[in-house]
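The file protein_23.txt contains compact mmCIF, C-alpha atoms:
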```
# COMPACT_ATOMS: atom_id res chain seq x y z
CA MET L 1 -16.55 -22.24 -15.65
CA PRO L 2 -16.23 -20.91 -12.08
CA PRO L 3 -18.50 -17.98 -11.20
CA LYS L 4 -16.93 -14.54 -11.38
CA LYS L 5 -15.63 -13.24 -8.09
CA VAL L 6 -17.86 -10.44 -6.91
CA VAL L 7 -15.78 -7.51 -5.72
CA ALA L 8 -17.67 -5.30 -3.28
CA GLU L 9 -17.72 -1.68 -4.42
CA LYS L 10 -15.55 0.46 -2.18
CA LYS L 11 -17.65 3.06 -0.39
CA THR L 12 -16.84 6.66 -1.26
CA LEU L 13 -16.53 8.82 1.85
CA LEU L 14 -18.61 11.93 2.37
CA GLY L 15 -16.51 15.07 2.46
CA ARG L 16 -13.56 16.69 0.76
CA PRO L 17 -10.89 14.17 -0.26
CA GLY L 18 -7.49 14.99 1.18
CA ASN L 19 -5.33 14.81 4.28
CA ASN L 20 -5.28 18.48 5.30
CA LEU L 21 -8.79 18.48 6.75
CA LYS L 22 -10.09 20.99 9.30
CA ILE L 23 -12.63 20.90 12.08
CA GLY L 24 -14.58 24.01 13.11
CA ILE L 25 -15.84 24.90 16.60
CA VAL L 26 -19.46 25.97 16.22
CA GLY L 27 -22.22 27.04 18.60
CA VAL L 28 -24.44 29.95 19.59
CA PRO L 29 -22.58 32.90 21.20
CA ASN L 30 -21.21 32.67 24.76
CA VAL L 31 -21.26 28.90 25.20
CA GLY L 32 -17.48 28.64 25.76
CA LYS L 33 -16.23 28.12 22.18
CA SER L 34 -13.28 30.51 22.27
CA SER L 35 -12.30 29.52 25.81
CA PHE L 36 -12.40 25.86 24.68
CA PHE L 37 -10.29 26.74 21.62
CA ASN L 38 -7.76 28.55 23.82
CA THR L 39 -7.34 25.59 26.17
CA LEU L 40 -7.25 23.11 23.27
CA SER L 41 -4.54 25.06 21.48
CA LYS L 42 -2.88 26.40 24.67
CA THR L 43 -2.95 29.83 23.04
CA ASP L 44 -4.97 32.99 23.43
CA LEU L 45 -5.90 33.33 19.76
CA GLY L 46 -9.68 33.06 20.28
CA LYS L 47 -11.06 36.23 21.83
CA ALA L 48 -12.91 34.88 24.86
CA ALA L 49 -15.28 37.67 25.80
CA ASN L 50 -18.64 38.00 27.46
CA PHE L 51 -20.59 39.37 24.50
CA PRO L 52 -21.88 37.96 21.19
CA TYR L 53 -19.58 38.14 18.13
CA ALA L 54 -16.38 38.46 20.19
CA THR L 55 -14.83 36.25 17.49
CA ILE L 56 -15.41 37.44 13.93
CA ASN L 57 -12.45 36.16 11.94
CA PRO L 58 -12.01 32.44 12.56
CA GLU L 59 -8.79 31.58 14.38
CA GLU L 60 -6.83 28.47 13.45
CA ALA L 61 -4.52 26.20 15.43
CA ARG L 62 -2.86 22.80 14.89
CA ILE L 63 -3.60 20.54 17.85
CA PRO L 64 -1.30 17.53 18.49
CA VAL L 65 -3.27 14.25 18.57
CA PRO L 66 -2.23 12.22 21.66
CA ASP L 67 -1.07 8.73 20.67
CA PRO L 68 0.64 6.20 22.98
CA ARG L 69 2.03 4.42 19.88
CA PHE L 70 3.90 7.58 18.88
CA GLU L 71 5.29 7.96 22.43
CA TRP L 72 6.44 4.31 22.44
CA LEU L 73 8.21 4.75 19.08
CA CYS L 74 9.97 7.84 20.43
CA ASP L 75 11.12 5.87 23.49
CA LEU L 76 12.41 3.09 21.21
CA TYR L 77 14.27 5.22 18.63
CA LYS L 78 15.14 8.24 20.84
CA PRO L 79 15.01 10.50 17.78
CA VAL L 80 16.45 13.99 17.39
CA SER L 81 13.06 15.21 16.07
CA ARG L 82 9.54 14.13 17.11
CA VAL L 83 6.52 15.21 15.06
CA PRO L 84 3.08 13.91 16.17
CA ALA L 85 -0.11 13.92 14.10
CA PHE L 86 -2.09 17.16 14.19
CA LEU L 87 -5.74 18.14 13.98
CA THR L 88 -6.35 21.57 12.46
CA CYS L 89 -8.98 23.34 14.55
CA ILE L 90 -10.79 26.59 13.75
CA ASP L 91 -12.68 28.81 16.18
CA ILE L 92 -15.78 30.11 14.35
CA ALA L 93 -17.88 32.97 15.69
CA GLY L 94 -21.25 32.33 17.33
CA LEU L 95 -24.21 31.44 15.13
CA THR L 96 -27.55 33.07 15.97
CA ALA L 97 -31.15 32.43 14.92
CA GLY L 98 -31.67 33.95 11.47
CA ALA L 99 -28.03 33.45 10.41
CA SER L 100 -29.14 31.70 7.21
CA THR L 101 -30.84 34.92 6.10
CA GLY L 102 -27.86 37.06 7.09
CA ALA L 103 -28.88 38.01 10.66
CA GLY L 104 -26.01 38.98 12.93
CA LEU L 105 -22.93 38.15 10.88
CA GLY L 106 -24.71 35.08 9.51
CA ASN L 107 -23.48 34.88 5.93
CA ALA L 108 -19.82 35.27 6.88
CA PHE L 109 -20.14 32.70 9.67
CA LEU L 110 -21.84 30.15 7.46
CA SER L 111 -19.14 30.57 4.81
CA HIS L 112 -16.59 29.78 7.54
CA VAL L 113 -18.55 26.63 8.42
CA ARG L 114 -18.59 25.69 4.72
CA ALA L 115 -14.78 25.95 4.65
CA VAL L 116 -14.26 23.28 7.34
CA ASP L 117 -14.69 19.51 7.01
CA GLY L 118 -16.20 18.62 10.38
CA ILE L 119 -17.88 20.34 13.32
CA PHE L 120 -17.30 20.43 17.06
CA GLN L 121 -20.64 21.78 18.27
CA VAL L 122 -20.21 23.30 21.73
CA VAL L 123 -23.40 23.17 23.78
CA ARG L 124 -23.75 25.14 27.02
CA ALA L 125 -25.20 23.25 29.98
CA PHE L 126 -23.94 25.43 32.85
CA ASP L 127 -25.63 28.33 34.63
CA ASP L 128 -23.57 31.45 35.25
CA ALA L 129 -25.22 34.81 35.82
CA GLU L 130 -21.97 36.55 34.80
CA VAL L 131 -21.88 34.93 31.35
CA ILE L 132 -24.84 36.26 29.38
CA HIS L 133 -26.72 33.98 26.99
CA VAL L 134 -27.75 35.47 23.67
CA GLU L 135 -31.23 33.89 24.00
CA GLY L 136 -31.67 35.08 27.60
CA ASP L 137 -31.53 31.73 29.40
CA VAL L 138 -29.70 28.40 29.24
CA ASP L 139 -31.50 25.78 27.15
CA PRO L 140 -29.10 23.51 25.22
CA CYS L 141 -31.86 21.75 23.25
CA ARG L 142 -33.13 25.10 21.93
CA ASP L 143 -29.55 26.06 21.04
CA MET L 144 -29.06 22.78 19.16
CA ASP L 145 -32.33 23.40 17.31
CA ILE L 146 -31.09 26.86 16.27
CA ILE L 147 -27.78 25.55 14.88
CA SER L 148 -29.43 22.57 13.17
CA THR L 149 -32.13 24.77 11.61
CA GLU L 150 -29.73 27.45 10.37
CA LEU L 151 -27.36 24.95 8.76
CA ARG L 152 -30.24 23.10 7.11
CA LEU L 153 -31.92 26.32 5.86
CA LYS L 154 -28.66 27.43 4.27
CA ASP L 155 -28.30 24.03 2.59
CA ILE L 156 -31.88 24.24 1.27
CA GLU L 157 -31.18 27.69 -0.19
CA TRP L 158 -27.90 26.45 -1.72
CA VAL L 159 -29.50 23.33 -3.25
CA GLU L 160 -32.47 25.34 -4.61
CA LYS L 161 -30.11 27.72 -6.42
CA HIS L 162 -28.09 24.86 -7.83
CA LEU L 163 -31.21 22.99 -8.92
CA ASP L 164 -32.71 26.05 -10.61
CA GLY L 165 -29.50 26.62 -12.56
CA LEU L 166 -29.36 22.99 -13.68
CA LYS L 167 -33.03 22.92 -14.69
CA LYS L 168 -32.64 26.06 -16.82
CA THR L 169 -29.80 24.47 -18.78
CA GLY L 170 -31.50 21.07 -18.58
CA ARG L 171 -34.55 22.04 -20.66
CA ALA L 172 -32.58 21.55 -23.84
CA LEU L 173 -31.26 18.14 -22.83
CA GLY L 174 -31.90 15.25 -25.19
CA SER L 175 -31.81 11.63 -24.13
CA ASN L 176 -29.18 10.23 -26.43
CA SER L 177 -25.80 11.62 -25.49
CA LEU L 178 -23.95 10.33 -22.44
CA ALA L 179 -23.37 13.91 -21.24
CA ASP L 180 -27.13 14.64 -21.32
CA LYS L 181 -27.89 11.41 -19.46
CA ALA L 182 -25.29 12.26 -16.81
CA LYS L 183 -26.76 15.75 -16.39
CA LYS L 184 -30.29 14.32 -15.96
CA GLU L 185 -28.97 11.87 -13.40
CA GLU L 186 -27.32 14.73 -11.51
CA ILE L 187 -30.60 16.68 -11.47
CA ALA L 188 -32.44 13.60 -10.09
CA ILE L 189 -29.83 13.19 -7.32
CA ILE L 190 -30.01 16.86 -6.35
CA GLU L 191 -33.82 16.63 -6.20
CA LYS L 192 -33.38 13.66 -3.85
CA ILE L 193 -31.02 15.74 -1.66
CA TYR L 194 -33.58 18.56 -1.66
CA ASN L 195 -36.32 16.18 -0.51
CA VAL L 196 -34.11 14.83 2.29
CA LEU L 197 -33.62 18.39 3.60
CA THR L 198 -37.19 19.67 3.12
CA LYS L 199 -39.58 16.71 3.35
CA GLU L 200 -37.66 14.26 5.53
CA ASN L 201 -36.12 17.08 7.64
CA LYS L 202 -32.85 15.15 7.82
CA ASP L 203 -29.23 16.22 7.71
CA VAL L 204 -27.56 15.07 4.49
CA ARG L 205 -24.95 13.00 6.37
CA LYS L 206 -27.72 10.83 7.86
CA VAL L 207 -28.63 9.19 4.54
CA ASP L 208 -26.96 6.08 3.11
CA TRP L 209 -26.01 7.47 -0.33
CA ASN L 210 -24.52 5.32 -3.08
CA ASN L 211 -21.14 6.30 -4.56
CA LYS L 212 -22.58 8.26 -7.48
CA GLU L 213 -24.80 10.23 -5.07
CA VAL L 214 -21.87 10.84 -2.69
CA ASP L 215 -19.93 12.43 -5.56
CA VAL L 216 -22.80 14.87 -6.14
CA VAL L 217 -23.24 15.58 -2.39
CA ASN L 218 -19.49 16.25 -2.11
CA SER L 219 -19.55 18.63 -5.08
CA LEU L 220 -22.16 20.77 -3.26
CA GLN L 221 -20.10 21.12 -0.01
CA LEU L 222 -23.25 21.07 2.09
CA LEU L 223 -23.15 22.17 5.73
CA THR L 224 -25.27 19.23 6.95
CA SER L 225 -23.00 16.71 5.21
CA LYS L 226 -20.20 17.46 7.69
CA PRO L 227 -19.73 15.13 10.69
CA VAL L 228 -20.74 16.65 14.04
CA THR L 229 -19.32 15.87 17.49
CA TYR L 230 -21.42 17.40 20.30
CA LEU L 231 -19.32 18.82 23.16
CA VAL L 232 -21.42 19.58 26.22
CA ASN L 233 -19.82 22.30 28.35
CA LEU L 234 -20.61 21.62 32.04
CA SER L 235 -19.66 23.42 35.22
CA GLU L 236 -16.56 21.96 36.87
CA ARG L 237 -18.71 20.60 39.71
CA ASP L 238 -21.10 18.78 37.35
CA TYR L 239 -18.24 17.35 35.28
CA ILE L 240 -16.48 15.98 38.36
CA ARG L 241 -19.66 14.40 39.76
CA LYS L 242 -20.76 13.25 36.26
CA LYS L 243 -24.27 14.65 36.72
CA ASN L 244 -26.18 17.42 34.96
CA LYS L 245 -29.92 17.92 34.48
CA TRP L 246 -29.49 18.67 30.76
CA LEU L 247 -27.40 15.67 29.75
CA PRO L 248 -30.30 13.16 29.35
CA LYS L 249 -32.28 15.77 27.37
CA ILE L 250 -29.32 16.49 25.09
CA LYS L 251 -28.79 12.74 24.51
CA ALA L 252 -32.51 12.36 23.70
CA TRP L 253 -32.30 15.30 21.25
CA ILE L 254 -29.34 13.71 19.44
CA ASP L 255 -31.07 10.29 19.33
CA GLU L 256 -34.15 11.90 17.79
CA HIS L 257 -32.52 14.30 15.33
CA ASN L 258 -29.05 12.92 14.53
CA PRO L 259 -28.77 9.37 15.92
CA GLY L 260 -25.23 8.04 16.20
CA ASP L 261 -23.50 11.40 16.55
CA PRO L 262 -20.97 11.35 19.42
CA LEU L 263 -21.60 13.32 22.64
CA ILE L 264 -18.69 14.23 24.92
CA PRO L 265 -19.29 16.05 28.23
CA PHE L 266 -16.42 18.29 29.34
CA SER L 267 -15.83 21.43 31.40
CA VAL L 268 -14.11 24.48 29.93
CA ALA L 269 -13.75 25.88 33.48
CA LEU L 270 -11.80 22.79 34.57
CA GLU L 271 -9.75 22.64 31.35
CA GLU L 272 -8.76 26.31 31.78
CA ARG L 273 -7.54 25.52 35.26
CA LEU L 274 -5.63 22.39 34.25
CA VAL L 275 -3.97 23.93 31.19
CA GLY L 276 -2.08 26.40 33.38
CA LEU L 277 -0.46 23.63 35.46
CA SER L 278 2.75 21.71 34.83
CA ASP L 279 2.39 18.03 33.83
CA GLU L 280 3.15 16.88 37.37
CA GLU L 281 0.75 19.37 38.95
CA ARG L 282 -1.98 18.43 36.46
CA LEU L 283 -1.66 14.71 37.23
CA GLU L 284 -1.76 15.47 40.93
CA GLU L 285 -4.84 17.69 40.54
CA GLU L 286 -6.65 15.08 38.40
CA LYS L 287 -5.92 12.44 41.03
CA LYS L 288 -7.23 14.75 43.75
CA ILE L 289 -10.54 15.54 42.00
CA GLY L 290 -10.99 12.00 40.66
CA THR L 291 -11.35 12.85 36.98
CA THR L 292 -9.20 13.67 33.95
CA SER L 293 -9.07 16.25 31.18
CA ALA L 294 -11.34 15.46 28.22
CA LEU L 295 -9.20 17.32 25.64
CA GLY L 296 -7.37 14.20 24.42
CA LYS L 297 -10.65 12.35 23.96
CA ILE L 298 -12.15 15.33 22.11
CA THR L 299 -9.14 15.63 19.77
CA HIS L 300 -9.32 11.90 18.99
CA ALA L 301 -13.06 12.13 18.30
CA GLY L 302 -12.57 15.03 15.88
CA TYR L 303 -9.72 13.26 14.06
CA SER L 304 -11.75 10.04 13.72
CA SER L 305 -14.90 11.89 12.58
CA LEU L 306 -12.93 13.12 9.54
CA HIS L 307 -11.96 9.49 8.68
CA LEU L 308 -8.32 10.32 9.33
CA ILE L 309 -5.72 7.70 10.21
CA ARG L 310 -1.94 7.93 10.59
CA TYR L 311 1.13 5.99 9.65
CA PHE L 312 4.63 6.43 11.03
CA THR L 313 8.14 6.87 9.74
CA ALA L 314 10.66 6.05 12.44
CA GLY L 315 14.42 6.22 12.89
CA PRO L 316 17.11 7.88 15.04
CA ASP L 317 16.76 11.19 13.14
CA GLU L 318 12.99 11.51 13.35
CA VAL L 319 9.84 9.76 14.48
CA ARG L 320 6.88 11.27 12.67
CA ALA L 321 3.15 10.55 12.34
CA TRP L 322 1.71 11.29 8.89
CA THR L 323 -2.01 11.99 8.57
CA ILE L 324 -3.87 10.34 5.69
CA ARG L 325 -7.50 9.55 4.98
CA GLN L 326 -8.95 6.05 5.40
CA GLY L 327 -8.61 4.11 2.15
CA THR L 328 -5.41 5.88 1.02
CA LYS L 329 -3.18 3.70 -1.17
CA ALA L 330 0.59 3.38 -0.59
CA PRO L 331 1.78 5.78 -3.37
CA GLN L 332 -0.55 8.57 -2.18
CA ALA L 333 0.52 7.96 1.44
CA ALA L 334 4.16 8.30 0.38
CA GLY L 335 3.23 11.46 -1.54
CA VAL L 336 2.21 13.15 1.73
CA ILE L 337 5.94 13.29 2.52
CA HIS L 338 7.03 14.45 -0.95
CA SER L 339 5.33 14.40 -4.36
CA ASP L 340 8.40 12.62 -5.85
CA PHE L 341 7.72 9.64 -3.58
CA GLU L 342 4.30 9.29 -5.21
CA ASN L 343 5.35 10.06 -8.80
CA LYS L 344 8.37 7.72 -8.72
CA PHE L 345 6.93 5.17 -6.28
CA VAL L 346 8.56 1.72 -6.36
CA CYS L 347 7.32 0.03 -3.17
CA GLY L 348 6.98 0.39 0.57
CA GLU L 349 8.59 -1.72 3.28
CA ILE L 350 5.86 -1.88 5.88
CA MET L 351 5.47 -3.39 9.33
CA SER L 352 2.62 -2.95 11.76
CA TYR L 353 3.09 -1.12 15.05
CA GLU L 354 1.79 -4.25 16.86
CA ASP L 355 4.49 -6.44 15.26
CA LEU L 356 7.26 -4.00 16.20
CA ARG L 357 5.89 -3.76 19.73
CA GLU L 358 5.76 -7.56 19.99
CA HIS L 359 9.23 -8.27 18.57
CA GLY L 360 11.03 -5.21 19.95
CA SER L 361 13.21 -4.23 16.96
CA GLU L 362 13.11 -3.92 13.17
CA ALA L 363 15.66 -6.74 12.83
CA ALA L 364 13.45 -9.05 14.93
CA VAL L 365 10.36 -8.12 12.89
CA LYS L 366 12.28 -8.92 9.69
CA ALA L 367 13.56 -12.23 11.13
CA ALA L 368 9.95 -13.17 12.00
CA GLY L 369 8.95 -12.54 8.36
CA LYS L 370 6.64 -9.66 9.34
CA LEU L 371 8.35 -6.89 7.28
CA ARG L 372 6.30 -6.75 4.09
CA GLN L 373 7.04 -5.26 0.68
CA GLN L 374 3.88 -3.57 -0.58
CA GLY L 375 3.18 -2.20 -4.05
CA LYS L 376 0.83 0.40 -5.52
CA PRO L 377 -2.48 -1.37 -4.70
CA TYR L 378 -1.75 -1.60 -0.95
CA GLU L 379 -4.25 0.27 1.22
CA MET L 380 -2.63 1.79 4.31
CA VAL L 381 -3.72 0.65 7.78
CA ASP L 382 -3.75 2.89 10.84
CA GLY L 383 -0.48 2.37 12.73
CA ASP L 384 1.60 1.10 9.79
CA ILE L 385 5.32 1.93 9.98
CA ALA L 386 6.61 2.60 6.48
CA TYR L 387 9.91 3.01 4.61
CA TRP L 388 9.38 4.15 1.02
CA LYS L 389 11.45 3.28 -2.03
CA ALA L 390 11.21 5.62 -5.01
CA GLY L 391 12.94 5.75 -8.38
CA VAL L 392 15.61 8.29 -9.16
```

Translate this file's structure into structure tokens.
Amino acid sequence: MPPKKVVAEKKTLLGRPGNNLKIGIVGVPNVGKSSFFNTLSKTDLGKAANFPYATINPEEARIPVPDPRFEWLCDLYKPVSRVPAFLTCIDIAGLTAGASTGAGLGNAFLSHVRAVDGIFQVVRAFDDAEVIHVEGDVDPCRDMDIISTELRLKDIEWVEKHLDGLKKTGRALGSNSLADKAKKEEIAIIEKIYNVLTKENKDVRKVDWNNKEVDVVNSLQLLTSKPVTYLVNLSERDYIRKKNKWLPKIKAWIDEHNPGDPLIPFSVALEERLVGLSDEERLEEEKKIGTTSALGKITHAGYSSLHLIRYFTAGPDEVRAWTIRQGTKAPQAAGVIHSDFENKFVCGEIMSYEDLREHGSEAAVKAAGKLRQQGKPYEMVDGDIAYWKAGV
């Protein structure tokens, strides 16, 4: 008898399942968060001001995700309506030392961080006597320590409370029933999480959890389980010349504390200047200074950090990018458009963007045998172009 085929267990992703995920802009006060948010969203929602706590209620904007594939599809179909993929971005007020114990507006701010799915951490690496720093001087590594410590302390407090509650109810647990066994297992996992935070001094996202553990981590909505992208705010001069005394120290700090987390240098001062120009003027200015805006790269990094991908629907009426999470199956992907498409799913006619690009038209893709009918088990791939069939 042939040996049984071993099917590798699919890895459960850290974080809230879903497609409508949000990324929060976090940092100590006066590092350029609200100005960055304003340029990113091309709005003036974030209150950019030269004092701590200028932003108290988080502001929210949907940022289009640049995608050459989307632009190519629009050129091909010349649709009446064009809808790109979006990243929902939230400007969160500055976090100060002691926030985890309620200092400043700490508790409210940390609840706003808990409500997002990923973090853009803005780090100030520019000197400007006119922009005060809440700690008195510019030291990005100290600022990163403050944020890291406050998020971890809040997680420790949260896990302690949860653990205490479980242990109180857990005293009466027997060892026979499946429910009691599951509860004991949950307590053991939460103790492991607690040790990671307190003894190993690690962020929760930096541990390779198994699927059962990930389910428990996700149920706790921990601050340190959220992916972080570090955005280093430089002066325009430093960004253009690609040099800054703090950059190597910031990179070393990330390598020591949170290895693997992305670091993107950018300049809010430059972005503010570029955002006010027309497309032609901006291209001309970028050519003149020998560098480009980093906003597209930042938006992509945030989108990817949340494990988001997109598929397209395309035709003369509309070309649209639909955001889904990695690992989404065809019926759930169809359900993003309308719940009936998921509930009455029959199949999807799917071609890859690369095949359409290569062959030039849907008819040519079909003639080449590259238009595939996919059923319920099909896992969507980034860049798929889909036409859904649903029952009446």

Rank nothing, just name the residue among L:Val26, L:Val83, L:Leu40, L:Leu73 nearest to L:Val116, using only C-alpha atoms. L:Val26

Best match for closeness to L:Lys206 among L:Arg69, L:Ile350, L:Val392, L:Leu14, counting all atoms listed in the file: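 Selected residue with least distance to L:Lys206: L:Leu14.
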
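Nearest residue to L:Thr12 among L:Pro265, L:Gly360, L:Gly327, L:Gly98 is L:Gly327, counting only C-alpha atoms.
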
Surrounding residues of L:Ile289 excluding itself and chain neighbours under 6 positions, 10 Å, only C-alpha atoms, as a list of chain:residue names: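 Skipping anything fewer than 6 positions along the chain leaves L:Arg237, L:Ile240, L:Arg241.
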
Show which residues sit within 12 Å of L:Leu308, as a PyMOL selection string. Count only C-alpha atoms, and ignore same-chain residues fewer than 6 positions away. chain L and resi 13+15-23+65+85-88+117-118+299-302+321-328+380-383

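The set of protein, DNA and RNA residues with any counted atom at most 12 Å from (-39.3, 22.8, 2.7) (all atoms listed in the file) reads Thr149, Arg152, Leu153, Lys154, Asp155, Ile156, Glu157, Val159, Glu160, Ile193, Tyr194, Asn195, Val196, Leu197, Thr198, Lys199, Glu200, Asn201 and Lys202 of chain L.
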
Store the residues picked out above, limited to C-alpha atoms, as a tab-separated table (two decimals), in the frame of the given file.
```tsv
chain	number	residue	atom	x	y	z
L	149	THR	CA	-32.13	24.77	11.61
L	152	ARG	CA	-30.24	23.10	7.11
L	153	LEU	CA	-31.92	26.32	5.86
L	154	LYS	CA	-28.66	27.43	4.27
L	155	ASP	CA	-28.30	24.03	2.59
L	156	ILE	CA	-31.88	24.24	1.27
L	157	GLU	CA	-31.18	27.69	-0.19
L	159	VAL	CA	-29.50	23.33	-3.25
L	160	GLU	CA	-32.47	25.34	-4.61
L	193	ILE	CA	-31.02	15.74	-1.66
L	194	TYR	CA	-33.58	18.56	-1.66
L	195	ASN	CA	-36.32	16.18	-0.51
L	196	VAL	CA	-34.11	14.83	2.29
L	197	LEU	CA	-33.62	18.39	3.60
L	198	THR	CA	-37.19	19.67	3.12
L	199	LYS	CA	-39.58	16.71	3.35
L	200	GLU	CA	-37.66	14.26	5.53
L	201	ASN	CA	-36.12	17.08	7.64
L	202	LYS	CA	-32.85	15.15	7.82
```

To one decimal in Å, tell me the separation between atom CA of L:Lys226 and atom CA of L:Glu272. 28.1 Å

Leaving out stretch 275-279 of chain L and any residue of its chain fewer than 2 positions from it, which residues lie within 12 Å of it when counting only C-alpha atoms, given as a ChimeraX atom specification? /L:35-44,268-273,281-286,292-295

With distances taken over all atoms listed in the file, which of L:Ile264, L:Val232, L:Met144, L:Leu306 is nearest to L:Lys245?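 So, comparing all the options, the nearest one is L:Val232.
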
Using all atoms listed in the file: which of L:Lys376, L:Lys288, L:Arg320, L:Lys389 has the shortest distance to L:Tyr77: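 Among the listed residues, L:Arg320 lies closest to L:Tyr77.
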
Interatomic distance, atom CA of L:Asp261 to atom CA of L:Tyr230 (Å, one decimal): 7.4 Å

Straight-line distance linking atom CA of L:Val336 with atom CA of L:Ala386, stated in Å to one decimal: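 Taking atom CA of L:Val336 as the start and atom CA of L:Ala386 as the end point, the length is 12.4 Å.
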
May I ask which of the residues L:His307, L:Val217, L:Trp209, L:Val204 is the closest one to L:Ile187, counting all atoms listed in the file? L:Val217
